[in-house]
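Source file: start-v1.txt (compact mmCIF, N, CA, C and O atoms)
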```
# COMPACT_ATOMS: atom_id res chain seq x y z
N MET A 1 -4.66 9.78 -17.22
CA MET A 1 -3.55 9.11 -16.56
C MET A 1 -2.35 9.09 -17.51
O MET A 1 -2.48 8.71 -18.66
N ASP A 2 -1.21 9.48 -17.04
CA ASP A 2 -0.06 9.53 -17.93
C ASP A 2 0.62 8.17 -18.03
O ASP A 2 0.32 7.25 -17.31
N SER A 3 1.55 8.06 -18.97
CA SER A 3 2.17 6.76 -19.23
C SER A 3 3.04 6.30 -18.06
O SER A 3 3.17 5.11 -17.81
N PHE A 4 3.63 7.24 -17.30
CA PHE A 4 4.43 6.84 -16.14
C PHE A 4 3.56 6.13 -15.12
O PHE A 4 3.90 5.07 -14.60
N SER A 5 2.40 6.70 -14.84
CA SER A 5 1.47 6.10 -13.89
C SER A 5 1.03 4.72 -14.38
O SER A 5 1.01 3.77 -13.61
N GLN A 6 0.67 4.63 -15.64
CA GLN A 6 0.24 3.34 -16.18
C GLN A 6 1.37 2.33 -16.12
O GLN A 6 1.13 1.16 -15.82
N SER A 7 2.59 2.76 -16.36
CA SER A 7 3.71 1.83 -16.34
C SER A 7 4.00 1.31 -14.93
O SER A 7 4.63 0.28 -14.78
N ASN A 8 3.54 2.02 -13.92
CA ASN A 8 3.77 1.58 -12.53
C ASN A 8 2.66 0.69 -11.99
O ASN A 8 2.77 0.18 -10.88
N HIS A 9 1.61 0.48 -12.75
CA HIS A 9 0.51 -0.37 -12.27
C HIS A 9 0.96 -1.79 -11.94
O HIS A 9 0.36 -2.45 -11.10
N PHE A 10 2.01 -2.25 -12.60
CA PHE A 10 2.50 -3.60 -12.32
C PHE A 10 2.92 -3.76 -10.86
O PHE A 10 2.88 -4.85 -10.29
N LEU A 11 3.31 -2.64 -10.21
CA LEU A 11 3.74 -2.69 -8.81
C LEU A 11 2.62 -3.15 -7.88
O LEU A 11 2.89 -3.74 -6.83
N LEU A 12 1.40 -2.90 -8.28
CA LEU A 12 0.25 -3.22 -7.42
C LEU A 12 0.09 -4.71 -7.17
O LEU A 12 -0.46 -5.11 -6.14
N ASN A 13 0.57 -5.53 -8.09
CA ASN A 13 0.38 -6.97 -7.96
C ASN A 13 1.65 -7.73 -7.61
O ASN A 13 1.63 -8.95 -7.54
N LEU A 14 2.74 -6.99 -7.40
CA LEU A 14 3.97 -7.64 -6.93
C LEU A 14 3.84 -7.93 -5.44
O LEU A 14 3.15 -7.21 -4.71
N PRO A 15 4.51 -8.96 -4.96
CA PRO A 15 4.49 -9.22 -3.52
C PRO A 15 5.07 -8.02 -2.76
O PRO A 15 6.11 -7.47 -3.15
N ILE A 16 4.40 -7.63 -1.70
CA ILE A 16 4.88 -6.52 -0.87
C ILE A 16 6.31 -6.79 -0.41
O ILE A 16 7.13 -5.87 -0.34
N ALA A 17 6.62 -8.04 -0.13
CA ALA A 17 7.96 -8.41 0.34
C ALA A 17 9.05 -8.02 -0.65
O ALA A 17 10.21 -7.85 -0.25
N GLU A 18 8.71 -7.86 -1.92
CA GLU A 18 9.71 -7.52 -2.95
C GLU A 18 9.80 -6.02 -3.23
O GLU A 18 10.64 -5.60 -4.01
N LEU A 19 8.94 -5.24 -2.61
CA LEU A 19 8.91 -3.81 -2.87
C LEU A 19 9.85 -3.04 -1.95
O LEU A 19 10.14 -3.51 -0.84
N PRO A 20 10.31 -1.87 -2.38
CA PRO A 20 11.21 -1.07 -1.54
C PRO A 20 10.45 -0.32 -0.45
O PRO A 20 10.30 0.90 -0.47
N LEU A 21 9.96 -1.10 0.50
CA LEU A 21 9.22 -0.55 1.65
C LEU A 21 9.90 -1.05 2.92
O LEU A 21 10.68 -2.01 2.89
N SER A 22 9.60 -0.40 4.03
CA SER A 22 10.28 -0.76 5.28
C SER A 22 9.91 -2.16 5.74
O SER A 22 8.84 -2.69 5.39
N GLU A 23 10.78 -2.76 6.53
CA GLU A 23 10.51 -4.08 7.09
C GLU A 23 9.27 -4.03 7.98
O GLU A 23 8.50 -4.99 8.03
N ASN A 24 9.08 -2.92 8.68
CA ASN A 24 7.90 -2.76 9.52
C ASN A 24 6.63 -2.79 8.67
O ASN A 24 5.65 -3.44 9.02
N PHE A 25 6.65 -2.09 7.54
CA PHE A 25 5.50 -2.08 6.64
C PHE A 25 5.21 -3.50 6.14
O PHE A 25 4.06 -3.95 6.12
N LYS A 26 6.25 -4.21 5.74
CA LYS A 26 6.10 -5.56 5.23
C LYS A 26 5.52 -6.49 6.29
O LYS A 26 4.61 -7.29 6.01
N LEU A 27 6.02 -6.39 7.51
CA LEU A 27 5.54 -7.24 8.59
C LEU A 27 4.08 -6.94 8.93
O LEU A 27 3.25 -7.85 9.02
N ARG A 28 3.76 -5.66 9.10
CA ARG A 28 2.37 -5.29 9.42
C ARG A 28 1.42 -5.73 8.32
O ARG A 28 0.32 -6.21 8.58
N SER A 29 1.84 -5.56 7.08
CA SER A 29 1.01 -5.97 5.95
C SER A 29 0.71 -7.46 6.03
O SER A 29 -0.43 -7.90 5.87
N LYS A 30 1.75 -8.24 6.27
CA LYS A 30 1.59 -9.70 6.36
C LYS A 30 0.65 -10.07 7.51
O LYS A 30 -0.23 -10.91 7.36
N LEU A 31 0.83 -9.42 8.67
CA LEU A 31 -0.01 -9.71 9.82
C LEU A 31 -1.48 -9.36 9.57
O LEU A 31 -2.37 -10.00 10.12
N MET A 32 -1.71 -8.37 8.71
CA MET A 32 -3.09 -7.98 8.39
C MET A 32 -3.64 -8.76 7.20
O MET A 32 -4.79 -8.58 6.81
N GLY A 33 -2.82 -9.63 6.62
CA GLY A 33 -3.28 -10.47 5.52
C GLY A 33 -3.16 -9.84 4.14
O GLY A 33 -3.83 -10.28 3.20
N PHE A 34 -2.30 -8.83 4.02
CA PHE A 34 -2.08 -8.17 2.73
C PHE A 34 -0.77 -8.66 2.13
O PHE A 34 0.27 -8.59 2.79
N PHE A 35 -0.84 -9.11 0.89
CA PHE A 35 0.36 -9.62 0.23
C PHE A 35 0.74 -8.81 -1.00
O PHE A 35 1.85 -8.94 -1.50
N THR A 36 -0.20 -7.96 -1.47
CA THR A 36 0.09 -7.04 -2.57
C THR A 36 -0.53 -5.69 -2.23
O THR A 36 -1.41 -5.60 -1.36
N LEU A 37 -0.08 -4.66 -2.91
CA LEU A 37 -0.68 -3.34 -2.70
C LEU A 37 -2.13 -3.34 -3.17
O LEU A 37 -2.97 -2.63 -2.61
N GLN A 38 -2.43 -4.16 -4.17
CA GLN A 38 -3.81 -4.27 -4.65
C GLN A 38 -4.72 -4.79 -3.53
O GLN A 38 -5.87 -4.38 -3.42
N ASP A 39 -4.20 -5.70 -2.70
CA ASP A 39 -4.98 -6.19 -1.55
C ASP A 39 -5.38 -5.02 -0.65
O ASP A 39 -6.51 -4.97 -0.16
N ILE A 40 -4.45 -4.11 -0.41
CA ILE A 40 -4.73 -2.96 0.46
C ILE A 40 -5.72 -2.02 -0.22
O ILE A 40 -6.69 -1.58 0.41
N LEU A 41 -5.50 -1.75 -1.50
CA LEU A 41 -6.40 -0.85 -2.23
C LEU A 41 -7.82 -1.41 -2.28
O LEU A 41 -8.78 -0.64 -2.34
N GLY A 42 -7.96 -2.72 -2.25
CA GLY A 42 -9.27 -3.35 -2.31
C GLY A 42 -10.01 -3.38 -0.99
O GLY A 42 -11.12 -3.92 -0.91
N THR A 43 -9.42 -2.80 0.04
CA THR A 43 -10.02 -2.79 1.37
C THR A 43 -10.50 -1.38 1.70
O THR A 43 -9.77 -0.42 1.47
N GLN A 44 -11.71 -1.27 2.19
CA GLN A 44 -12.26 0.03 2.59
C GLN A 44 -11.38 0.64 3.68
O GLN A 44 -10.93 -0.07 4.59
N GLN A 45 -11.16 1.95 3.59
CA GLN A 45 -10.30 2.61 4.58
C GLN A 45 -10.83 2.42 6.00
O GLN A 45 -10.06 2.21 6.93
N LYS A 46 -12.13 2.45 6.17
CA LYS A 46 -12.73 2.23 7.50
C LYS A 46 -12.35 0.85 8.04
O LYS A 46 -12.05 0.70 9.22
N GLU A 47 -12.34 -0.15 7.17
CA GLU A 47 -11.97 -1.51 7.58
C GLU A 47 -10.49 -1.58 7.95
O GLU A 47 -10.11 -2.31 8.88
N LEU A 48 -9.64 -0.85 7.22
CA LEU A 48 -8.21 -0.84 7.53
C LEU A 48 -7.98 -0.38 8.96
O LEU A 48 -7.21 -0.99 9.71
N HIS A 49 -8.64 0.71 9.34
CA HIS A 49 -8.46 1.29 10.67
C HIS A 49 -8.86 0.33 11.79
O HIS A 49 -8.39 0.46 12.91
N GLU A 50 -9.72 -0.63 11.49
CA GLU A 50 -10.21 -1.56 12.50
C GLU A 50 -9.33 -2.79 12.66
O GLU A 50 -9.53 -3.57 13.59
N LEU A 51 -8.35 -2.98 11.78
CA LEU A 51 -7.47 -4.14 11.87
C LEU A 51 -6.50 -4.00 13.04
O LEU A 51 -5.99 -2.91 13.31
N ASP A 52 -6.22 -5.10 13.71
CA ASP A 52 -5.37 -5.08 14.90
C ASP A 52 -3.98 -4.50 14.66
O ASP A 52 -3.46 -3.78 15.49
N ASP A 53 -3.37 -4.81 13.54
CA ASP A 53 -1.99 -4.38 13.31
C ASP A 53 -1.88 -3.09 12.50
O ASP A 53 -0.79 -2.71 12.11
N TYR A 54 -3.00 -2.41 12.28
CA TYR A 54 -3.01 -1.14 11.57
C TYR A 54 -2.31 -0.06 12.40
O TYR A 54 -2.43 -0.02 13.62
N SER A 55 -1.58 0.81 11.72
CA SER A 55 -1.04 2.00 12.38
C SER A 55 -1.05 3.13 11.36
O SER A 55 -0.98 2.88 10.15
N GLU A 56 -1.12 4.35 11.84
CA GLU A 56 -1.09 5.49 10.93
C GLU A 56 0.24 5.57 10.19
O GLU A 56 0.29 5.93 9.02
N HIS A 57 1.31 5.22 10.87
CA HIS A 57 2.63 5.22 10.24
C HIS A 57 2.64 4.27 9.04
O HIS A 57 3.15 4.60 7.97
N TRP A 58 2.07 3.08 9.22
CA TRP A 58 1.96 2.09 8.14
C TRP A 58 1.17 2.68 6.97
O TRP A 58 1.60 2.59 5.82
N TYR A 59 0.03 3.30 7.27
CA TYR A 59 -0.81 3.86 6.21
C TYR A 59 -0.12 5.01 5.50
O TYR A 59 -0.18 5.11 4.27
N PHE A 60 0.56 5.87 6.25
CA PHE A 60 1.27 6.99 5.62
C PHE A 60 2.38 6.49 4.71
O PHE A 60 2.65 7.09 3.66
N GLU A 61 3.05 5.42 5.10
CA GLU A 61 4.08 4.85 4.23
C GLU A 61 3.45 4.33 2.94
O GLU A 61 4.00 4.52 1.84
N PHE A 62 2.31 3.70 3.04
CA PHE A 62 1.57 3.22 1.88
C PHE A 62 1.20 4.37 0.95
O PHE A 62 1.47 4.33 -0.26
N VAL A 63 0.62 5.42 1.51
CA VAL A 63 0.21 6.59 0.73
C VAL A 63 1.43 7.25 0.08
O VAL A 63 1.40 7.63 -1.10
N ASP A 64 2.51 7.37 0.83
CA ASP A 64 3.72 7.99 0.29
C ASP A 64 4.29 7.18 -0.88
O ASP A 64 4.74 7.73 -1.88
N PHE A 65 4.28 5.86 -0.74
CA PHE A 65 4.76 5.01 -1.83
C PHE A 65 3.91 5.21 -3.08
O PHE A 65 4.44 5.37 -4.19
N LEU A 66 2.58 5.22 -2.92
CA LEU A 66 1.70 5.45 -4.06
C LEU A 66 1.97 6.82 -4.69
O LEU A 66 2.01 6.95 -5.92
N ARG A 67 2.19 7.83 -3.85
CA ARG A 67 2.47 9.18 -4.35
C ARG A 67 3.75 9.20 -5.17
O ARG A 67 3.79 9.73 -6.28
N ARG A 68 4.81 8.58 -4.63
CA ARG A 68 6.10 8.57 -5.33
C ARG A 68 6.04 7.82 -6.66
O ARG A 68 6.80 8.13 -7.57
N LYS A 69 5.15 6.86 -6.76
CA LYS A 69 5.02 6.07 -7.99
C LYS A 69 3.91 6.59 -8.88
O LYS A 69 3.52 5.94 -9.84
N ASP A 70 3.38 7.75 -8.55
CA ASP A 70 2.32 8.40 -9.32
C ASP A 70 1.07 7.52 -9.41
O ASP A 70 0.44 7.42 -10.47
N LEU A 71 0.74 6.87 -8.30
CA LEU A 71 -0.43 6.00 -8.23
C LEU A 71 -1.44 6.46 -7.19
O LEU A 71 -2.40 5.75 -6.90
N LEU A 72 -1.24 7.63 -6.64
CA LEU A 72 -2.11 8.11 -5.56
C LEU A 72 -3.56 8.24 -6.00
O LEU A 72 -4.46 8.08 -5.19
N ASN A 73 -3.77 8.47 -7.28
CA ASN A 73 -5.13 8.60 -7.78
C ASN A 73 -5.96 7.33 -7.60
O ASN A 73 -7.19 7.36 -7.70
N LEU A 74 -5.32 6.21 -7.29
CA LEU A 74 -6.03 4.95 -7.10
C LEU A 74 -6.73 4.87 -5.75
O LEU A 74 -7.60 4.00 -5.56
N LEU A 75 -6.34 5.73 -4.81
CA LEU A 75 -7.03 5.76 -3.51
C LEU A 75 -8.40 6.39 -3.71
O LEU A 75 -8.50 7.50 -4.21
N GLY A 76 -9.43 5.68 -3.31
CA GLY A 76 -10.80 6.16 -3.54
C GLY A 76 -11.16 7.19 -2.58
O GLY A 76 -12.05 7.89 -2.51
```
Would you encode the structure as structure tokens?
Amino acid sequence: MDSFSQSNHFLLNLPIAELPLSENFKLRSKLMGFFTLQDILGTQQKELHELDDYSEHWYFEFVDFLRRKDLLNLLG
């Protein structure tokens, strides 16, 4: 893991509301009970798909954010 990736780990525990993500992402996250990206990473992907407010668009935005911050390797 390079130093850029390690330096971005702090983003995982910041409130989603403070991150540069869409308002839709923030709202859906809150409705599903996620308040940090670490909360999402700690949930099995199968369980995510079963949540009422889950959408593929929401998940793709999550994956894209991780990719842009060089954190995609954290997805199991």
Please indicate the distance in Å from atom N of A:Leu19 to atom CA of A:Thr36, rounded to one decimal place. 9.0 Å
Counting all atoms listed in the file, closest pick from A:Leu66, A:Ile16, A:Leu74, A:Leu11 relative to A:Lys30 is A:Ile16
Which residues are close to stretch 44-54 of chain A, i.e. within 7 Å by only N, CA, C and O atoms, leaving aside same-chain residues fewer than 5 positions away? Reply as a ChimeraX atom specification. /A:28-29,31-32,39,59
Enter the distance from atom CA of A:Glu56 to atom CA of A:Ser7, in Å, rounded to one decimal.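 Separation between atom CA of A:Glu56 and atom CA of A:Ser7: 27.9 Å.
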Based on DSSP run over this structure's backbone, return all residues of chain A in alpha helix (DSSP H), as a PyMOL selection string. chain A and resi 3-7+23-31+37-41+45-50+56-68
Choose the residue, out of A:Asn13, A:Ser55, A:Asn8, A:Asn73, that has the smallest atom-to-atom separation from A:Phe34; count only C-alpha atoms.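 Ranked by minimum distance to A:Phe34, first place goes to A:Asn13.
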Option closest in space to A:Lys26, from A:Trp58, A:Gly42, A:Gln6, A:Leu12 [counting all atoms listed in the file]: A:Trp58
Work out how far atom CA of A:Thr43 is from atom C of A:Ser22, in Å to one decimal. 20.4 Å
Closest to A:Gly33 among A:Asp64, A:Asp70, A:His57, A:Pro15, using only C-alpha atoms?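 With only C-alpha atoms as the atom set, the closest residue is A:Pro15.
Distances from A:Leu27, A:Leu41, A:Leu75, A:Leu21 to A:Glu61 were compared using all atoms listed in the file, and the smallest one belongs to A:Leu21.
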